[in-house]
file entry-v8.pdb (PDB, C-alpha atoms, pLDDT in the B column)
ATOM      1  CA  MET A   1      68.397 -69.642 -16.433  1.00 35.00           C
ATOM      2  CA  ILE A   2      70.822 -67.477 -18.417  1.00 35.00           C
ATOM      3  CA  PHE A   3      72.691 -64.459 -17.049  1.00 41.00           C
ATOM      4  CA  LEU A   4      74.174 -62.047 -19.587  1.00 40.00           C
ATOM      5  CA  PHE A   5      77.056 -59.706 -18.756  1.00 43.00           C
ATOM      6  CA  PRO A   6      77.490 -57.437 -21.830  1.00 44.00           C
ATOM      7  CA  GLU A   7      80.732 -55.658 -22.549  1.00 45.00           C
ATOM      8  CA  PHE A   8      80.689 -51.865 -22.206  1.00 43.00           C
ATOM      9  CA  ASP A   9      83.230 -49.409 -23.540  1.00 55.00           C
ATOM     10  CA  ARG A  10      84.754 -47.052 -20.992  1.00 56.00           C
ATOM     11  CA  LEU A  11      82.325 -44.215 -21.649  1.00 55.00           C
ATOM     12  CA  ALA A  12      79.286 -46.475 -21.323  1.00 53.00           C
ATOM     13  CA  GLU A  13      80.734 -48.040 -18.175  1.00 55.00           C
ATOM     14  CA  LYS A  14      81.291 -44.605 -16.637  1.00 56.00           C
ATOM     15  CA  LYS A  15      77.739 -43.514 -17.489  1.00 53.00           C
ATOM     16  CA  SER A  16      76.384 -46.751 -16.049  1.00 55.00           C
ATOM     17  CA  ARG A  17      78.152 -46.194 -12.737  1.00 56.00           C
ATOM     18  CA  GLN A  18      77.025 -42.554 -12.600  1.00 54.00           C
ATOM     19  CA  PHE A  19      73.426 -43.593 -13.256  1.00 52.00           C
ATOM     20  CA  ILE A  20      73.558 -46.167 -10.445  1.00 53.00           C
ATOM     21  CA  ILE A  21      74.956 -43.618  -7.980  1.00 54.00           C
ATOM     22  CA  LEU A  22      72.362 -40.990  -8.913  1.00 51.00           C
ATOM     23  CA  SER A  23      69.562 -43.559  -8.692  1.00 54.00           C
ATOM     24  CA  PHE A  24      70.521 -44.594  -5.184  1.00 50.00           C
ATOM     25  CA  VAL A  25      70.926 -40.976  -4.084  1.00 48.00           C
ATOM     26  CA  PHE A  26      67.432 -40.246  -5.426  1.00 45.00           C
ATOM     27  CA  VAL A  27      66.009 -43.175  -3.495  1.00 46.00           C
ATOM     28  CA  ILE A  28      67.726 -42.002  -0.294  1.00 44.00           C
ATOM     29  CA  LEU A  29      66.407 -38.464  -0.585  1.00 39.00           C
ATOM     30  CA  ILE A  30      62.888 -39.036  -1.939  1.00 40.00           C
ATOM     31  CA  CYS A  31      61.470 -42.527  -1.495  1.00 44.00           C
ATOM     32  CA  PRO A  32      61.953 -43.044   2.267  1.00 41.00           C
ATOM     33  CA  VAL A  33      60.103 -39.797   3.003  1.00 38.00           C
ATOM     34  CA  LEU A  34      57.115 -41.073   1.042  1.00 38.00           C
ATOM     35  CA  SER A  35      56.926 -44.615   2.362  1.00 38.00           C
ATOM     36  CA  TRP A  36      58.480 -45.102   5.816  1.00 39.00           C
ATOM     37  CA  ALA A  37      55.986 -46.271   8.405  1.00 36.00           C
ATOM     38  CA  ALA A  38      56.345 -47.155  12.060  1.00 37.00           C
ATOM     39  CA  ASP A  39      55.214 -50.748  11.574  1.00 39.00           C
ATOM     40  CA  GLU A  40      58.134 -51.367   9.201  1.00 39.00           C
ATOM     41  CA  THR A  41      60.630 -51.288  12.077  1.00 39.00           C
ATOM     42  CA  ALA A  42      61.594 -54.796  13.140  1.00 43.00           C
ATOM     43  CA  SER A  43      61.519 -55.461  16.881  1.00 50.00           C
ATOM     44  CA  MET A  44      64.897 -57.196  16.494  1.00 67.00           C
ATOM     45  CA  PRO A  45      66.854 -56.462  13.283  1.00 82.00           C
ATOM     46  CA  THR A  46      68.391 -59.531  11.639  1.00 89.00           C
ATOM     47  CA  ASN A  47      70.101 -58.011   8.575  1.00 93.00           C
ATOM     48  CA  TYR A  48      73.605 -59.154   9.468  1.00 96.00           C
ATOM     49  CA  GLU A  49      75.261 -57.448   6.484  1.00 97.00           C
ATOM     50  CA  MET A  50      74.857 -54.560   4.071  1.00 96.00           C
ATOM     51  CA  VAL A  51      76.504 -55.462   0.740  1.00 96.00           C
ATOM     52  CA  GLN A  52      79.931 -56.843   1.587  1.00 95.00           C
ATOM     53  CA  ALA A  53      80.328 -55.138   4.961  1.00 97.00           C
ATOM     54  CA  PRO A  54      78.653 -56.510   8.111  1.00 97.00           C
ATOM     55  CA  THR A  55      76.267 -54.955  10.605  1.00 97.00           C
ATOM     56  CA  ALA A  56      76.065 -55.542  14.365  1.00 97.00           C
ATOM     57  CA  TYR A  57      72.925 -57.675  13.996  1.00 97.00           C
ATOM     58  CA  VAL A  58      72.562 -61.458  13.958  1.00 97.00           C
ATOM     59  CA  LEU A  59      69.916 -63.953  12.911  1.00 96.00           C
ATOM     60  CA  MET A  60      67.208 -64.684  15.475  1.00 94.00           C
ATOM     61  CA  ASN A  61      67.280 -67.805  17.630  1.00 94.00           C
ATOM     62  CA  SER A  62      66.889 -70.956  15.458  1.00 93.00           C
ATOM     63  CA  GLY A  63      66.912 -68.828  12.324  1.00 94.00           C
ATOM     64  CA  TYR A  64      68.925 -69.778   9.271  1.00 96.00           C
ATOM     65  CA  ASP A  65      69.545 -68.531   5.773  1.00 96.00           C
ATOM     66  CA  LEU A  66      71.138 -69.713   2.553  1.00 96.00           C
ATOM     67  CA  VAL A  67      72.713 -67.111   0.267  1.00 96.00           C
ATOM     68  CA  THR A  68      73.709 -67.771  -3.344  1.00 94.00           C
ATOM     69  CA  GLU A  69      75.722 -65.183  -5.255  1.00 95.00           C
ATOM     70  CA  MET A  70      76.741 -65.417  -8.913  1.00 92.00           C
ATOM     71  CA  TYR A  71      79.696 -63.266  -9.936  1.00 91.00           C
ATOM     72  CA  GLU A  72      82.063 -62.753 -12.881  1.00 86.00           C
ATOM     73  CA  ASN A  73      84.040 -65.594 -14.515  1.00 81.00           C
ATOM     74  CA  GLY A  74      81.219 -68.036 -13.904  1.00 87.00           C
ATOM     75  CA  GLY A  75      81.727 -67.849 -10.141  1.00 90.00           C
ATOM     76  CA  LEU A  76      79.287 -69.222  -7.579  1.00 93.00           C
ATOM     77  CA  TYR A  77      79.492 -68.233  -3.898  1.00 94.00           C
ATOM     78  CA  LEU A  78      77.349 -70.138  -1.383  1.00 95.00           C
ATOM     79  CA  ARG A  79      76.894 -69.249   2.287  1.00 96.00           C
ATOM     80  CA  ALA A  80      74.819 -70.707   5.090  1.00 96.00           C
ATOM     81  CA  ASN A  81      74.228 -69.069   8.488  1.00 97.00           C
ATOM     82  CA  VAL A  82      72.509 -70.144  11.708  1.00 97.00           C
ATOM     83  CA  GLY A  83      71.357 -67.943  14.610  1.00 96.00           C
ATOM     84  CA  PHE A  84      71.439 -68.954  18.283  1.00 95.00           C
ATOM     85  CA  LYS A  85      69.798 -67.224  21.294  1.00 93.00           C
ATOM     86  CA  ASN A  86      69.450 -63.886  19.451  1.00 93.00           C
ATOM     87  CA  PHE A  87      73.069 -62.913  20.162  1.00 95.00           C
ATOM     88  CA  PHE A  88      75.259 -65.432  18.318  1.00 97.00           C
ATOM     89  CA  MET A  89      75.458 -66.709  14.764  1.00 97.00           C
ATOM     90  CA  PHE A  90      77.851 -68.884  12.817  1.00 97.00           C
ATOM     91  CA  GLY A  91      78.177 -69.848   9.191  1.00 96.00           C
ATOM     92  CA  PHE A  92      80.256 -71.450   6.479  1.00 95.00           C
ATOM     93  CA  SER A  93      80.835 -70.925   2.778  1.00 95.00           C
ATOM     94  CA  ALA A  94      81.656 -72.762  -0.426  1.00 92.00           C
ATOM     95  CA  ASN A  95      83.052 -71.014  -3.464  1.00 92.00           C
ATOM     96  CA  GLY A  96      84.054 -71.964  -6.993  1.00 91.00           C
ATOM     97  CA  THR A  97      85.115 -70.186 -10.176  1.00 88.00           C
ATOM     98  CA  ASN A  98      84.246 -71.130 -13.770  1.00 87.00           C
ATOM     99  CA  LEU A  99      81.262 -73.151 -12.587  1.00 86.00           C
ATOM    100  CA  ILE A 100      79.155 -71.412 -15.242  1.00 83.00           C
ATOM    101  CA  GLY A 101      80.541 -71.005 -18.759  1.00 79.00           C
ATOM    102  CA  GLN A 102      83.973 -72.111 -19.928  1.00 79.00           C
ATOM    103  CA  GLY A 103      87.259 -72.883 -18.241  1.00 80.00           C
ATOM    104  CA  THR A 104      88.500 -75.307 -15.626  1.00 86.00           C
ATOM    105  CA  ILE A 105      86.295 -75.408 -12.547  1.00 87.00           C
ATOM    106  CA  GLN A 106      88.212 -74.378  -9.433  1.00 88.00           C
ATOM    107  CA  ILE A 107      86.727 -75.149  -6.023  1.00 89.00           C
ATOM    108  CA  GLN A 108      88.112 -72.988  -3.226  1.00 84.00           C
ATOM    109  CA  THR A 109      88.650 -73.989   0.403  1.00 83.00           C
ATOM    110  CA  PRO A 110      85.455 -73.716   2.538  1.00 89.00           C
ATOM    111  CA  LYS A 111      85.617 -71.007   5.208  1.00 94.00           C
ATOM    112  CA  LEU A 112      83.893 -70.238   8.527  1.00 96.00           C
ATOM    113  CA  ALA A 113      82.391 -67.231  10.294  1.00 97.00           C
ATOM    114  CA  PHE A 114      81.338 -66.463  13.897  1.00 97.00           C
ATOM    115  CA  LYS A 115      79.604 -63.372  15.285  1.00 98.00           C
ATOM    116  CA  LEU A 116      78.771 -62.445  18.885  1.00 98.00           C
ATOM    117  CA  LYS A 117      76.410 -59.527  19.590  1.00 97.00           C
ATOM    118  CA  LEU A 118      77.616 -57.986  22.857  1.00 97.00           C
ATOM    119  CA  LEU A 119      75.092 -55.146  23.089  1.00 96.00           C
ATOM    120  CA  ASP A 120      71.518 -54.810  21.856  1.00 95.00           C
ATOM    121  CA  GLN A 121      69.775 -51.507  21.200  1.00 93.00           C
ATOM    122  CA  SER A 122      66.863 -52.543  23.419  1.00 90.00           C
ATOM    123  CA  THR A 123      69.163 -52.128  26.457  1.00 93.00           C
ATOM    124  CA  ALA A 124      71.963 -49.922  25.090  1.00 94.00           C
ATOM    125  CA  PRO A 125      72.317 -46.853  22.825  1.00 94.00           C
ATOM    126  CA  PHE A 126      73.376 -49.082  19.923  1.00 95.00           C
ATOM    127  CA  ALA A 127      74.028 -52.689  18.961  1.00 97.00           C
ATOM    128  CA  LEU A 128      77.651 -53.875  19.167  1.00 98.00           C
ATOM    129  CA  ALA A 129      79.173 -57.074  17.785  1.00 98.00           C
ATOM    130  CA  VAL A 130      82.601 -58.690  17.435  1.00 98.00           C
ATOM    131  CA  ALA A 131      83.245 -61.398  14.882  1.00 98.00           C
ATOM    132  CA  TRP A 132      85.574 -63.464  12.768  1.00 97.00           C
ATOM    133  CA  ASP A 133      84.619 -64.002   9.120  1.00 96.00           C
ATOM    134  CA  ASP A 134      87.110 -65.739   6.846  1.00 94.00           C
ATOM    135  CA  ARG A 135      84.684 -66.111   3.930  1.00 95.00           C
ATOM    136  CA  GLY A 136      85.183 -64.509   0.545  1.00 92.00           C
ATOM    137  CA  TYR A 137      84.638 -65.146  -3.142  1.00 92.00           C
ATOM    138  CA  GLY A 138      86.919 -65.484  -6.148  1.00 89.00           C
ATOM    139  CA  THR A 139      90.311 -67.196  -6.082  1.00 88.00           C
ATOM    140  CA  TYR A 140      92.157 -67.803  -2.813  1.00 86.00           C
ATOM    141  CA  THR A 141      95.878 -66.998  -2.888  1.00 83.00           C
ATOM    142  CA  ASN A 142      98.268 -65.739  -0.208  1.00 80.00           C
ATOM    143  CA  ASN A 143      95.613 -66.181   2.526  1.00 81.00           C
ATOM    144  CA  ARG A 144      93.078 -63.863   0.917  1.00 85.00           C
ATOM    145  CA  PHE A 145      90.296 -63.935  -1.656  1.00 88.00           C
ATOM    146  CA  GLU A 146      90.299 -61.853  -4.825  1.00 87.00           C
ATOM    147  CA  PRO A 147      88.192 -59.958  -5.714  1.00 88.00           C
ATOM    148  CA  GLY A 148      85.935 -60.585  -2.684  1.00 88.00           C
ATOM    149  CA  THR A 149      88.244 -60.090   0.271  1.00 85.00           C
ATOM    150  CA  GLN A 150      87.170 -61.596   3.580  1.00 91.00           C
ATOM    151  CA  LYS A 151      86.696 -59.352   6.631  1.00 95.00           C
ATOM    152  CA  GLY A 152      88.807 -61.323   9.114  1.00 94.00           C
ATOM    153  CA  PHE A 153      88.428 -60.025  12.664  1.00 96.00           C
ATOM    154  CA  TYR A 154      86.048 -57.072  12.993  1.00 97.00           C
ATOM    155  CA  THR A 155      83.965 -55.061  15.393  1.00 98.00           C
ATOM    156  CA  VAL A 156      80.900 -53.063  14.342  1.00 98.00           C
ATOM    157  CA  ILE A 157      78.182 -50.887  15.867  1.00 98.00           C
ATOM    158  CA  SER A 158      74.698 -50.349  14.415  1.00 97.00           C
ATOM    159  CA  HIS A 159      71.836 -48.047  15.324  1.00 96.00           C
ATOM    160  CA  GLU A 160      68.231 -48.158  14.158  1.00 94.00           C
ATOM    161  CA  TYR A 161      66.126 -44.978  14.138  1.00 91.00           C
ATOM    162  CA  ALA A 162      62.637 -45.977  15.234  1.00 79.00           C
ATOM    163  CA  ASP A 163      61.136 -42.529  14.549  1.00 79.00           C
ATOM    164  CA  LEU A 164      62.105 -42.796  10.886  1.00 78.00           C
ATOM    165  CA  GLY A 165      60.773 -46.286  10.275  1.00 71.00           C
ATOM    166  CA  TYR A 166      63.267 -48.761   8.899  1.00 83.00           C
ATOM    167  CA  LEU A 167      66.527 -46.801   8.822  1.00 93.00           C
ATOM    168  CA  GLN A 168      69.867 -47.985  10.184  1.00 95.00           C
ATOM    169  CA  THR A 169      73.457 -46.749  10.243  1.00 97.00           C
ATOM    170  CA  HIS A 170      76.541 -48.929  10.687  1.00 97.00           C
ATOM    171  CA  LEU A 171      80.221 -48.322  11.457  1.00 98.00           C
ATOM    172  CA  GLY A 172      83.005 -50.855  11.897  1.00 97.00           C
ATOM    173  CA  PHE A 173      86.700 -51.695  11.716  1.00 96.00           C
ATOM    174  CA  ASN A 174      88.392 -54.894  10.564  1.00 95.00           C
ATOM    175  CA  LEU A 175      91.743 -56.672  10.385  1.00 93.00           C
ATOM    176  CA  VAL A 176      92.028 -59.142   7.511  1.00 89.00           C
ATOM    177  CA  GLU A 177      95.407 -60.785   8.047  1.00 83.00           C
ATOM    178  CA  PHE A 178      97.543 -61.203  11.183  1.00 79.00           C
ATOM    179  CA  ASP A 179     100.515 -63.015   9.612  1.00 78.00           C
ATOM    180  CA  ASN A 180     102.554 -61.039   7.067  1.00 76.00           C
ATOM    181  CA  PHE A 181     100.582 -57.945   8.030  1.00 76.00           C
ATOM    182  CA  ASP A 182     100.359 -55.226   5.357  1.00 77.00           C
ATOM    183  CA  SER A 183      98.728 -52.024   6.585  1.00 73.00           C
ATOM    184  CA  SER A 184      97.761 -50.990   3.030  1.00 76.00           C
ATOM    185  CA  GLN A 185      95.589 -54.099   2.605  1.00 80.00           C
ATOM    186  CA  ASP A 186      94.894 -55.742   5.948  1.00 83.00           C
ATOM    187  CA  ILE A 187      93.426 -52.964   8.080  1.00 89.00           C
ATOM    188  CA  GLY A 188      90.194 -51.280   7.086  1.00 91.00           C
ATOM    189  CA  ALA A 189      87.032 -49.510   8.094  1.00 96.00           C
ATOM    190  CA  PHE A 190      83.506 -49.562   6.741  1.00 97.00           C
ATOM    191  CA  PHE A 191      80.318 -47.605   7.217  1.00 97.00           C
ATOM    192  CA  GLY A 192      76.937 -47.422   5.570  1.00 97.00           C
ATOM    193  CA  THR A 193      73.174 -47.360   5.855  1.00 96.00           C
ATOM    194  CA  SER A 194      70.228 -49.720   5.374  1.00 95.00           C
ATOM    195  CA  PHE A 195      66.682 -48.597   4.668  1.00 92.00           C
ATOM    196  CA  ALA A 196      63.399 -49.787   3.165  1.00 88.00           C
ATOM    197  CA  VAL A 197      61.112 -47.969   0.761  1.00 82.00           C
ATOM    198  CA  SER A 198      58.446 -50.608   1.438  1.00 82.00           C
ATOM    199  CA  LYS A 199      58.219 -53.837   3.396  1.00 81.00           C
ATOM    200  CA  ALA A 200      59.241 -55.749   0.276  1.00 88.00           C
ATOM    201  CA  LEU A 201      62.173 -53.611  -0.935  1.00 92.00           C
ATOM    202  CA  VAL A 202      65.386 -52.943   1.019  1.00 93.00           C
ATOM    203  CA  PHE A 203      68.415 -50.875  -0.026  1.00 95.00           C
ATOM    204  CA  ASN A 204      71.961 -50.849   1.337  1.00 97.00           C
ATOM    205  CA  LEU A 205      74.759 -48.349   0.721  1.00 97.00           C
ATOM    206  CA  GLU A 206      78.289 -48.730   2.078  1.00 97.00           C
ATOM    207  CA  ALA A 207      81.874 -47.540   1.888  1.00 97.00           C
ATOM    208  CA  ASP A 208      84.124 -50.544   2.428  1.00 96.00           C
ATOM    209  CA  LYS A 209      87.881 -51.090   2.883  1.00 92.00           C
ATOM    210  CA  VAL A 210      88.187 -47.377   3.686  1.00 93.00           C
ATOM    211  CA  PHE A 211      91.764 -47.444   5.023  1.00 85.00           C
ATOM    212  CA  SER A 212      93.068 -49.909   2.446  1.00 81.00           C
ATOM    213  CA  SER A 213      94.607 -49.244  -0.957  1.00 76.00           C
ATOM    214  CA  GLN A 214      91.347 -50.236  -2.733  1.00 84.00           C
ATOM    215  CA  TRP A 215      88.416 -48.615  -0.962  1.00 91.00           C
ATOM    216  CA  ALA A 216      85.040 -49.376  -2.516  1.00 94.00           C
ATOM    217  CA  PHE A 217      81.595 -47.823  -2.719  1.00 97.00           C
ATOM    218  CA  ASN A 218      79.002 -50.612  -2.912  1.00 97.00           C
ATOM    219  CA  ALA A 219      75.211 -50.675  -3.109  1.00 97.00           C
ATOM    220  CA  ASN A 220      72.468 -53.225  -3.508  1.00 96.00           C
ATOM    221  CA  PHE A 221      68.755 -53.809  -3.397  1.00 95.00           C
ATOM    222  CA  LEU A 222      66.862 -56.862  -2.129  1.00 94.00           C
ATOM    223  CA  PHE A 223      63.309 -57.613  -3.147  1.00 93.00           C
ATOM    224  CA  ASN A 224      61.117 -59.921  -1.073  1.00 91.00           C
ATOM    225  CA  VAL A 225      59.615 -62.244  -3.699  1.00 88.00           C
ATOM    226  CA  ASP A 226      57.968 -64.482  -1.124  1.00 85.00           C
ATOM    227  CA  THR A 227      58.192 -64.508   2.679  1.00 83.00           C
ATOM    228  CA  PRO A 228      61.317 -66.724   2.843  1.00 90.00           C
ATOM    229  CA  LEU A 229      62.829 -65.743  -0.520  1.00 94.00           C
ATOM    230  CA  ARG A 230      64.622 -62.528  -1.480  1.00 94.00           C
ATOM    231  CA  VAL A 231      66.483 -61.693  -4.687  1.00 95.00           C
ATOM    232  CA  GLY A 232      68.615 -58.709  -5.576  1.00 96.00           C
ATOM    233  CA  ILE A 233      71.696 -57.328  -7.261  1.00 96.00           C
ATOM    234  CA  ASP A 234      74.921 -56.120  -5.629  1.00 97.00           C
ATOM    235  CA  PHE A 235      76.768 -53.258  -7.349  1.00 97.00           C
ATOM    236  CA  VAL A 236      80.375 -53.598  -6.200  1.00 96.00           C
ATOM    237  CA  ASP A 237      83.294 -51.182  -6.654  1.00 95.00           C
ATOM    238  CA  ILE A 238      81.083 -48.526  -8.229  1.00 95.00           C
ATOM    239  CA  ASN A 239      83.898 -46.004  -7.791  1.00 92.00           C
ATOM    240  CA  ASN A 240      86.539 -48.219  -9.471  1.00 89.00           C
ATOM    241  CA  PRO A 241      86.074 -48.392 -13.282  1.00 85.00           C
ATOM    242  CA  GLY A 242      88.348 -51.414 -13.702  1.00 86.00           C
ATOM    243  CA  LEU A 243      86.717 -53.436 -10.914  1.00 88.00           C
ATOM    244  CA  PHE A 244      83.042 -52.482 -11.131  1.00 93.00           C
ATOM    245  CA  SER A 245      80.826 -55.593 -11.172  1.00 93.00           C
ATOM    246  CA  ARG A 246      77.229 -56.705 -10.754  1.00 94.00           C
ATOM    247  CA  ILE A 247      76.484 -59.755  -8.612  1.00 95.00           C
ATOM    248  CA  VAL A 248      73.171 -61.610  -8.556  1.00 95.00           C
ATOM    249  CA  ARG A 249      72.055 -62.487  -5.004  1.00 96.00           C
ATOM    250  CA  ILE A 250      69.399 -65.031  -3.959  1.00 96.00           C
ATOM    251  CA  GLN A 251      68.608 -65.482  -0.256  1.00 96.00           C
ATOM    252  CA  TYR A 252      66.383 -68.011   1.423  1.00 96.00           C
ATOM    253  CA  ALA A 253      65.619 -67.626   5.150  1.00 94.00           C
ATOM    254  CA  GLY A 254      63.647 -69.680   7.650  1.00 92.00           C
ATOM    255  CA  PHE A 255      63.536 -71.251  11.113  1.00 92.00           C
ATOM    256  CA  PHE A 256      64.356 -74.707  12.417  1.00 89.00           C
TER     257      PHE A 256
END
call {"tool": "encode", "arguments": {"input": "entry-v8.pdb", "output": "structure tokens"}}
result
Amino acid sequence: MIFLFPEFDRLAEKKSRQFIILSFVFVILICPVLSWAADETASMPTNYEMVQAPTAYVLMNSGYDLVTEMYENGGLYLRANVGFKNFFMFGFSANGTNLIGQGTIQIQTPKLAFKLKLLDQSTAPFALAVAWDDRGYGTYTNNRFEPGTQKGFYTVISHEYADLGYLQTHLGFNLVEFDNFDSSQDIGAFFGTSFAVSKALVFNLEADKVFSSQWAFNANFLFNVDTPLRVGIDFVDINNPGLFSRIVRIQYAGFF
């Protein structure tokens, strides 16, 4: 399988980002109105993240998933997650650069993640979770990944609107680094929304790293190819011309 990442001049890159933003805005305003249905609302949401920012949800008991993401410089980012008792999940990651294409292959240190859902919307006004996630992609220097910075410690709330079908909103805060703390990089906020235009097609929009020096507007779509398999593309740093990238995502989910 070959993935091509053509070079754009600045004007073409700007138009590309504007087209992506307008396309997602169109989908938000038009498509959900046409296709939301009550039976599209999951009894227990399990989408534990939007694009690069998390939600308050976890995988269901005995559920697992494997996520493969291919990013610039021949990078490959692998994650695995396991759910336990519908309120706890843990996972690990492996990451390497230059795995595809040219250059010396660099394997980064594996990292871990843990999430505890303290409140569920079935018994509270919203879902609430606290977590530690040290996973990220790219190169790892000075206790942080670049360009895919890990979340560190975070807390997040999520709410699903049953009357509107599959529509969720999310809001959270995170602290990346405790040692050598830098307020311009290590403290942040994130918020966003998740929605489906059909049972097979899910969209996510988010503002990430809001209080940091490099806030980002990200978006993605995930298409359900088969029941356990979903594929999609993440559009990261849409608002930052020098950092804007497209990441291929493949997710496989199942139960033990």
call {"tool": "atom_distance", "arguments": {"input": "entry-v8.pdb", "atom1": "CA of Thr155 (chain A)", "atom2": "CA of Asn86 (chain A)"}}
result
17.5 Å
call {"tool": "axis_aligned_box", "arguments": {"input": "entry-v8.pdb", "around": "region 107-110 of chain A", "padding_each_side": "4 Å", "output": "JSON"}}
result
{"center_x": 87.1, "center_y": -74.1, "center_z": -1.7, "size_x": 11.2, "size_y": 10.2, "size_z": 16.6}
call {"tool": "resolve_selection", "arguments": {"input": "entry-v8.pdb", "expression": "the PyMOL selection byres ((chain A and resi 141-150) around 12)", "output": "MDAnalysis selection string"}}
result
chainID A and resid 51:54 69 71:73 75:77 93 95:97 108:113 131:140 151:154 174:181 185:188 208:209 212 214:216 236:237 242:245 247
call {"tool": "resolve_selection", "arguments": {"input": "entry-v8.pdb", "expression": "the PyMOL selection byres ((chain A and resi 231) around 12)", "output": "JSON, numbers by chain"}}
result
{"A": [66, 67, 68, 69, 70, 200, 201, 202, 203, 220, 221, 222, 223, 224, 225, 226, 227, 228, 229, 230, 232, 233, 234, 247, 248, 249, 250, 251, 252, 253]}
call {"tool": "resolve_selection", "arguments": {"input": "entry-v8.pdb", "expression": "the PyMOL selection byres ((chain A and resi 55) around 10)", "output": "VMD selection string"}}
result
chain A and resid 45 to 54 56 to 58 127 to 129 155 to 159 168 to 172 190 to 194
call {"tool": "atom_distance", "arguments": {"input": "entry-v8.pdb", "atom1": "CA of Phe84 (chain A)", "atom2": "CA of Ala124 (chain A)"}}
result
20.2 Å
call {"tool": "build_atoms", "arguments": {"input": "entry-v8.pdb", "residues": "region 200-213 of chain A", "atoms": "N, CA, C and O atoms", "output": "PDB file, in the coordinates of the input"}}
result
ATOM      1  N   ALA A 200      58.719 -54.746   1.196  1.00 88.00           N
ATOM      2  CA  ALA A 200      59.241 -55.749   0.276  1.00 88.00           C
ATOM      3  C   ALA A 200      60.547 -55.345  -0.391  1.00 88.00           C
ATOM      4  O   ALA A 200      61.169 -56.159  -1.065  1.00 88.00           O
ATOM      5  N   LEU A 201      61.008 -54.092  -0.201  1.00 92.00           N
ATOM      6  CA  LEU A 201      62.173 -53.611  -0.935  1.00 92.00           C
ATOM      7  C   LEU A 201      63.146 -52.911   0.010  1.00 92.00           C
ATOM      8  O   LEU A 201      62.810 -51.901   0.626  1.00 92.00           O
ATOM      9  N   VAL A 202      64.360 -53.452   0.110  1.00 93.00           N
ATOM     10  CA  VAL A 202      65.386 -52.943   1.019  1.00 93.00           C
ATOM     11  C   VAL A 202      66.606 -52.511   0.214  1.00 93.00           C
ATOM     12  O   VAL A 202      67.000 -53.181  -0.750  1.00 93.00           O
ATOM     13  N   PHE A 203      67.205 -51.386   0.615  1.00 95.00           N
ATOM     14  CA  PHE A 203      68.415 -50.875  -0.026  1.00 95.00           C
ATOM     15  C   PHE A 203      69.541 -50.807   1.001  1.00 95.00           C
ATOM     16  O   PHE A 203      69.309 -50.552   2.185  1.00 95.00           O
ATOM     17  N   ASN A 204      70.763 -51.008   0.515  1.00 97.00           N
ATOM     18  CA  ASN A 204      71.961 -50.849   1.337  1.00 97.00           C
ATOM     19  C   ASN A 204      72.995 -50.039   0.570  1.00 97.00           C
ATOM     20  O   ASN A 204      73.192 -50.237  -0.635  1.00 97.00           O
ATOM     21  N   LEU A 205      73.650 -49.128   1.269  1.00 97.00           N
ATOM     22  CA  LEU A 205      74.759 -48.349   0.721  1.00 97.00           C
ATOM     23  C   LEU A 205      75.919 -48.448   1.693  1.00 97.00           C
ATOM     24  O   LEU A 205      75.724 -48.366   2.913  1.00 97.00           O
ATOM     25  N   GLU A 206      77.141 -48.596   1.177  1.00 97.00           N
ATOM     26  CA  GLU A 206      78.289 -48.730   2.078  1.00 97.00           C
ATOM     27  C   GLU A 206      79.572 -48.230   1.423  1.00 97.00           C
ATOM     28  O   GLU A 206      79.716 -48.244   0.199  1.00 97.00           O
ATOM     29  N   ALA A 207      80.482 -47.772   2.268  1.00 97.00           N
ATOM     30  CA  ALA A 207      81.874 -47.540   1.888  1.00 97.00           C
ATOM     31  C   ALA A 207      82.683 -48.607   2.612  1.00 97.00           C
ATOM     32  O   ALA A 207      82.620 -48.715   3.834  1.00 97.00           O
ATOM     33  N   ASP A 208      83.420 -49.402   1.866  1.00 96.00           N
ATOM     34  CA  ASP A 208      84.124 -50.544   2.428  1.00 96.00           C
ATOM     35  C   ASP A 208      85.630 -50.413   2.178  1.00 96.00           C
ATOM     36  O   ASP A 208      86.054 -49.707   1.261  1.00 96.00           O
ATOM     37  N   LYS A 209      86.419 -51.092   3.007  1.00 92.00           N
ATOM     38  CA  LYS A 209      87.881 -51.090   2.883  1.00 92.00           C
ATOM     39  C   LYS A 209      88.426 -49.662   2.848  1.00 92.00           C
ATOM     40  O   LYS A 209      89.303 -49.319   2.044  1.00 92.00           O
ATOM     41  N   VAL A 210      87.914 -48.815   3.737  1.00 93.00           N
ATOM     42  CA  VAL A 210      88.187 -47.377   3.686  1.00 93.00           C
ATOM     43  C   VAL A 210      89.660 -47.057   3.884  1.00 93.00           C
ATOM     44  O   VAL A 210      90.202 -46.185   3.207  1.00 93.00           O
ATOM     45  N   PHE A 211      90.366 -47.755   4.762  1.00 85.00           N
ATOM     46  CA  PHE A 211      91.764 -47.444   5.023  1.00 85.00           C
ATOM     47  C   PHE A 211      92.725 -48.239   4.148  1.00 85.00           C
ATOM     48  O   PHE A 211      93.938 -48.105   4.288  1.00 85.00           O
ATOM     49  N   SER A 212      92.195 -49.086   3.281  1.00 81.00           N
ATOM     50  CA  SER A 212      93.068 -49.909   2.446  1.00 81.00           C
ATOM     51  C   SER A 212      93.378 -49.194   1.138  1.00 81.00           C
ATOM     52  O   SER A 212      92.865 -48.104   0.859  1.00 81.00           O
ATOM     53  N   SER A 213      94.207 -49.841   0.312  1.00 76.00           N
ATOM     54  CA  SER A 213      94.607 -49.244  -0.957  1.00 76.00           C
ATOM     55  C   SER A 213      93.505 -49.312  -2.010  1.00 76.00           C
ATOM     56  O   SER A 213      93.613 -48.667  -3.046  1.00 76.00           O
TER      57      SER A 213
END
